[in-house]
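K.L.:
Right, I'll just put the structure down here and ask away after.
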Amino acid sequence: MERKTIVAIVLSLAVMVGWNGWYYWRYKGVIETNLHKKQMEKKDGVKPETASASPSATAPSGDSKPLDLSVGADARAAAEIRKILVNTGVAEMTLSTAGGTISSLRLFHYKDGSGNPTELINPKSLIRPLSLAFATPDASKKINDSIFTADATGNITLTPGNPVASVLFSLRLENGVSITKKLTLHYGSYLADLDVGVDIPSADVTGSAYGLVWGGLGGEEGQNSYIGPVILVDGKRLADEPKDKEPKDYEGQILWGGLTNKYYCATFIPGPRKSRITTSRMDDKSYAVSLQLPANNVNRLSLYVGPKDHTELKKVGNEMMRMINYGWFDILANPLFLLLTLFNSFIGNFGISIILLTVLVKLLFWPLSQSSFKSMEKMKKVQPQMKMIQERYKNDKAKLNEELIALYRKHKINPMAGCLPIVLQIPVFVALYKVLLESIDLKGAPFLLWITDLSAKDPYYVTPILMGLSMLAQQKMSPATGDPMQRKIMMFMPAIFTFMFINFPSGLVIYWLVNNLLSILQQYTIQMRNKQEV
């Protein structure tokens with residue numbers, strides 16, 4: 001195998017291995033903070049405080065005036081906390097009169113590691129979802145620790161015959177300040193309507209603003225997936241987690257903004273108006289977003305909390321499909337996903353769909369692969385002459401290269417032909433890697449026998465081993481390089497790839513395995529044809 005081919009393989013290794021390294025670098029501070037925290041907990045035997053709090057980072061910025069809440073804000077002693085369960089058919093939302101917030105949101109169609117409905121409210125979050133943030137931490141705490149009244153008298157179950165229900169939370173202070181939160185839920189939907197109002201009768205606080213906060217997000221985070229705020233503002237998708245608890249402000253035409261992880265998101269949808277969102281880091285991998293709202297006004301918006309499912313996000317509109325982003329190769333990943341889902345709609349098995357996709361990609365690259373294998377066969381024929389040249393000019397590198405180039409030209413051999421197909425397939429490989437890693441549609445998708453989740457690694461490592469053996473077979477069919485060092489490197493390549501693929505999603509390993517088998521078949525066909533011609 002030529003040196004440039006080895007460079008191409010090493011490049012592919014660098015891309016795949018470097019992907020994990022890049023994510024570690026990006027979240028290095030978060031990971032180290034988390035490890036340090038766990039060590040301190042183990043040392044001191046004390047867990048961090050998880051009681052509700054309202055960090056000042058989520059408070060409204062700008063010229064907002066403080067809200068006087070010194071009278072009558074603490075109503076906890078006068079009332080008991082009530083919880084209202086709303087079943088929408090796809091989720092169960094638990095609303096709490098403690099601050100008029102959401103204390104639980106479980107998704108029926110998506111299971112956690114224990115087989116239970118996935119919980120999207122992070123119980124360790126320092127801020128309860130739908131809390132309010134005012135100009136001072138004390139004001140925020142007093143409001144969010146207060147007990148709201150709710151107009152719902154019991155639990156609610158939505159049905160096709162009763163598809164819509166609303167729950168109104170209200171709080172009135174002795175100084176005349178009135179706060180309302182009205183949440184409207186829909187049957188079979190992860191989208192809710194939200195009306196929020198803070199009425200301040202005092203003239204000296206006209207123009208005051210406050211923040212509507214979503215703190216933390218549950219569900220599967222994913223080791224190599226982005227976790228943090230994501231905003232679509234002025235047509236740009238911005239995903240950049242705040243560091244060191246320093247807040248970030250985003251202002252403009254915000255179509256949506258919220259939190260995301262591997263498979264799920266919690267997003268405010270303000271509507272077609274200029275808005276401001278503040279993001280902050282609470283602790284470790286936990287973040288908060290605060291939508292700034294004007295006081296003395298009923299602010300109407302929507303709230304999406306659920307899976308990053310293509311179909312569901314498309315229903316929402318507002319370019320919510322851009323919530324799903326596969327990184328650098330997004331332009332390739334989306335067509336690959338569409339092809340996978342198209343095949344699956346007919347077959348009903350994502351594993352077989354991946355095989356069909358592999359065949360399709362192989363057909364697209366067939367002419368390049370054909371040229372590569374033909375060049376390799378020509379290389380076999382001139383191996384004796386190459387060895388003679390290498391031996392003759394082993395002490396004269398310039399003359400050696402000159403003679404090798406002349407030999408290539410004489411026999412019409414393209415040294416680049418061996419590595420070009422590999423280089424061109426790297427973007428496809430990485431794009432498919434992101435699709436299999438982050439598409440919730442493939443979460444828990446079975447293939448055959450022991451492979452019950454194509455987004456997870458092969459539990460018995462059968463497919464990675466077969467993939468390594470297929471690489472070994474390819475190596476045996478390829479012409480041996482004259483460079484002893486290159487031969488030694490190539491001997492270890494199947495083992496290196498096998499080790500690297502051990503923890504990759506099984507669907508990705510199946511793709512590479514089938515691709516190798518098709519390459520072996522193609523190479524074998526060319527060899528048989530050459531023998532017949534001889």
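Going through the structure tokens in order, the chains are called A, B, and so on, while each chain numbers its residues from 1 and the ligands are numbered from 1 in the order shown.
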Taking only range 57-275 of chain A into account, list the residues labelled strand (DSSP E) by DSSP (computed from the backbone), as a VMD selection string.

P.N.:
chain A and resid 83 to 87 91 to 96 101 to 111 117 to 119 131 to 133 149 to 150 156 to 157 164 to 172 178 to 186 191 to 199 209 to 215 228 to 233 236 to 238 248 to 260 264 to 269 274 to 275

K.L.:
Could you name the residues that touch Gln292 in chain A at 8 Å or less, counting only C-alpha atoms, but leaving out those on the same chain fewer than 6 positions away, as a list in words?

P.N.:
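Final neighbour list, sorted by chain and number: Pro60, Ala209, Tyr210, Gly211, Leu212, Ser275, Arg276, Ile277 and Thr278 of chain A.
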
K.L.:
Keeping only C-alpha atoms, write the selected residues to a file as a compact mmCIF listing (two decimals), in the first residue's frame.

P.N.:
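Printed below is out19.txt as written:
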# COMPACT_ATOMS: atom_id res chain seq x y z
CA PRO A 60 -33.01 40.44 33.85
CA ALA A 209 -38.57 43.38 33.39
CA TYR A 210 -38.25 39.91 34.80
CA GLY A 211 -37.07 36.55 33.55
CA LEU A 212 -39.01 33.35 32.92
CA SER A 275 -36.61 39.23 22.60
CA ARG A 276 -33.72 38.73 24.97
CA ILE A 277 -32.53 35.45 26.46
CA THR A 278 -29.91 35.13 29.18

K.L.:
Find the residues near Pro494 in chain A: any atom within 8 Å, counting only C-alpha atoms, skip ones fewer than 2 places away on the same chain, and give them as a ChimeraX atom specification.

P.N.:
/A:468-469,471-472,490-492,496-498

K.L.:
Limited to N, CA and C atoms, could you put the picked residues into a file as an mmCIF file, in the first residue's frame?

P.N.:
data_model
loop_
_atom_site.group_PDB
_atom_site.id
_atom_site.type_symbol
_atom_site.label_atom_id
_atom_site.label_comp_id
_atom_site.auth_asym_id
_atom_site.auth_seq_id
_atom_site.Cartn_x
_atom_site.Cartn_y
_atom_site.Cartn_z
ATOM 1 N N GLY A 468 -12.788 -6.169 11.939
ATOM 2 C CA GLY A 468 -11.333 -6.288 11.929
ATOM 3 C C GLY A 468 -10.854 -7.392 11.010
ATOM 4 N N LEU A 469 -11.547 -8.527 11.018
ATOM 5 C CA LEU A 469 -11.189 -9.636 10.141
ATOM 6 C C LEU A 469 -11.376 -9.263 8.673
ATOM 7 N N MET A 471 -11.020 -6.294 7.444
ATOM 8 C CA MET A 471 -9.888 -5.427 7.097
ATOM 9 C C MET A 471 -8.638 -6.258 6.846
ATOM 10 N N LEU A 472 -8.455 -7.302 7.646
ATOM 11 C CA LEU A 472 -7.310 -8.199 7.471
ATOM 12 C C LEU A 472 -7.368 -8.885 6.107
ATOM 13 N N MET A 490 1.012 -1.526 8.654
ATOM 14 C CA MET A 490 -0.207 -2.091 8.077
ATOM 15 C C MET A 490 -0.630 -3.371 8.784
ATOM 16 N N MET A 491 0.318 -4.090 9.365
ATOM 17 C CA MET A 491 -0.019 -5.314 10.098
ATOM 18 C C MET A 491 -0.890 -5.005 11.314
ATOM 19 N N PHE A 492 -0.670 -3.834 11.904
ATOM 20 C CA PHE A 492 -1.405 -3.468 13.115
ATOM 21 C C PHE A 492 -2.717 -2.731 12.834
ATOM 22 N N ILE A 496 -5.890 -2.108 15.354
ATOM 23 C CA ILE A 496 -6.150 -0.741 15.830
ATOM 24 C C ILE A 496 -7.596 -0.356 15.553
ATOM 25 N N PHE A 497 -8.074 -0.634 14.346
ATOM 26 C CA PHE A 497 -9.454 -0.301 13.988
ATOM 27 C C PHE A 497 -10.440 -1.093 14.845
ATOM 28 N N THR A 498 -10.148 -2.357 15.070
ATOM 29 C CA THR A 498 -11.036 -3.186 15.896
ATOM 30 C C THR A 498 -11.151 -2.605 17.299
#

K.L.:
Among range 261-476 of chain A, which ones does DSSP place in alpha helix (DSSP H), written as a VMD selection string?

P.N.:
chain A and resid 310 to 316 330 to 347 350 to 364 366 to 381 383 to 392 397 to 410 420 to 438 462 to 476

K.L.:
Report, in Å to a single decimal, how far apart CA of Leu105 in chain A and CA of Val90 in chain A are.

P.N.:
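CA of Val90 in chain A sits 10.4 Å away from CA of Leu105 in chain A.
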
K.L.:
For the contact check between range 160-230 of chain A and range 127-148 of chain A, emit one row per residue of range 160-230 of chain A within 9 Å, containing the shortest atom pair and the distance in Å rounded to one decimal, counting only C-alpha atoms, chain then rising number order, as JSON lines.

P.N.:
{"residue": "A:Phe169", "atom": "CA", "partner": "A:Phe148", "partner_atom": "CA", "distance": 5.8}
{"residue": "A:Ser170", "atom": "CA", "partner": "A:Phe148", "partner_atom": "CA", "distance": 5.4}
{"residue": "A:Leu171", "atom": "CA", "partner": "A:Phe148", "partner_atom": "CA", "distance": 5.1}
{"residue": "A:Arg172", "atom": "CA", "partner": "A:Phe148", "partner_atom": "CA", "distance": 8.5}
{"residue": "A:Ile179", "atom": "CA", "partner": "A:Phe148", "partner_atom": "CA", "distance": 8.9}
{"residue": "A:Thr180", "atom": "CA", "partner": "A:Phe148", "partner_atom": "CA", "distance": 8.8}
{"residue": "A:Lys181", "atom": "CA", "partner": "A:Leu130", "partner_atom": "CA", "distance": 8.8}
{"residue": "A:Ser208", "atom": "CA", "partner": "A:Ala135", "partner_atom": "CA", "distance": 8.8}
{"residue": "A:Ala209", "atom": "CA", "partner": "A:Phe134", "partner_atom": "CA", "distance": 7.3}
{"residue": "A:Tyr210", "atom": "CA", "partner": "A:Phe134", "partner_atom": "CA", "distance": 4.9}
{"residue": "A:Gly211", "atom": "CA", "partner": "A:Ala133", "partner_atom": "CA", "distance": 4.7}
{"residue": "A:Leu212", "atom": "CA", "partner": "A:Leu132", "partner_atom": "CA", "distance": 4.9}
{"residue": "A:Val213", "atom": "CA", "partner": "A:Leu130", "partner_atom": "CA", "distance": 5.2}
{"residue": "A:Trp214", "atom": "CA", "partner": "A:Pro129", "partner_atom": "CA", "distance": 4.3}
{"residue": "A:Gly215", "atom": "CA", "partner": "A:Ile127", "partner_atom": "CA", "distance": 5.0}
{"residue": "A:Gly216", "atom": "CA", "partner": "A:Ile127", "partner_atom": "CA", "distance": 7.4}
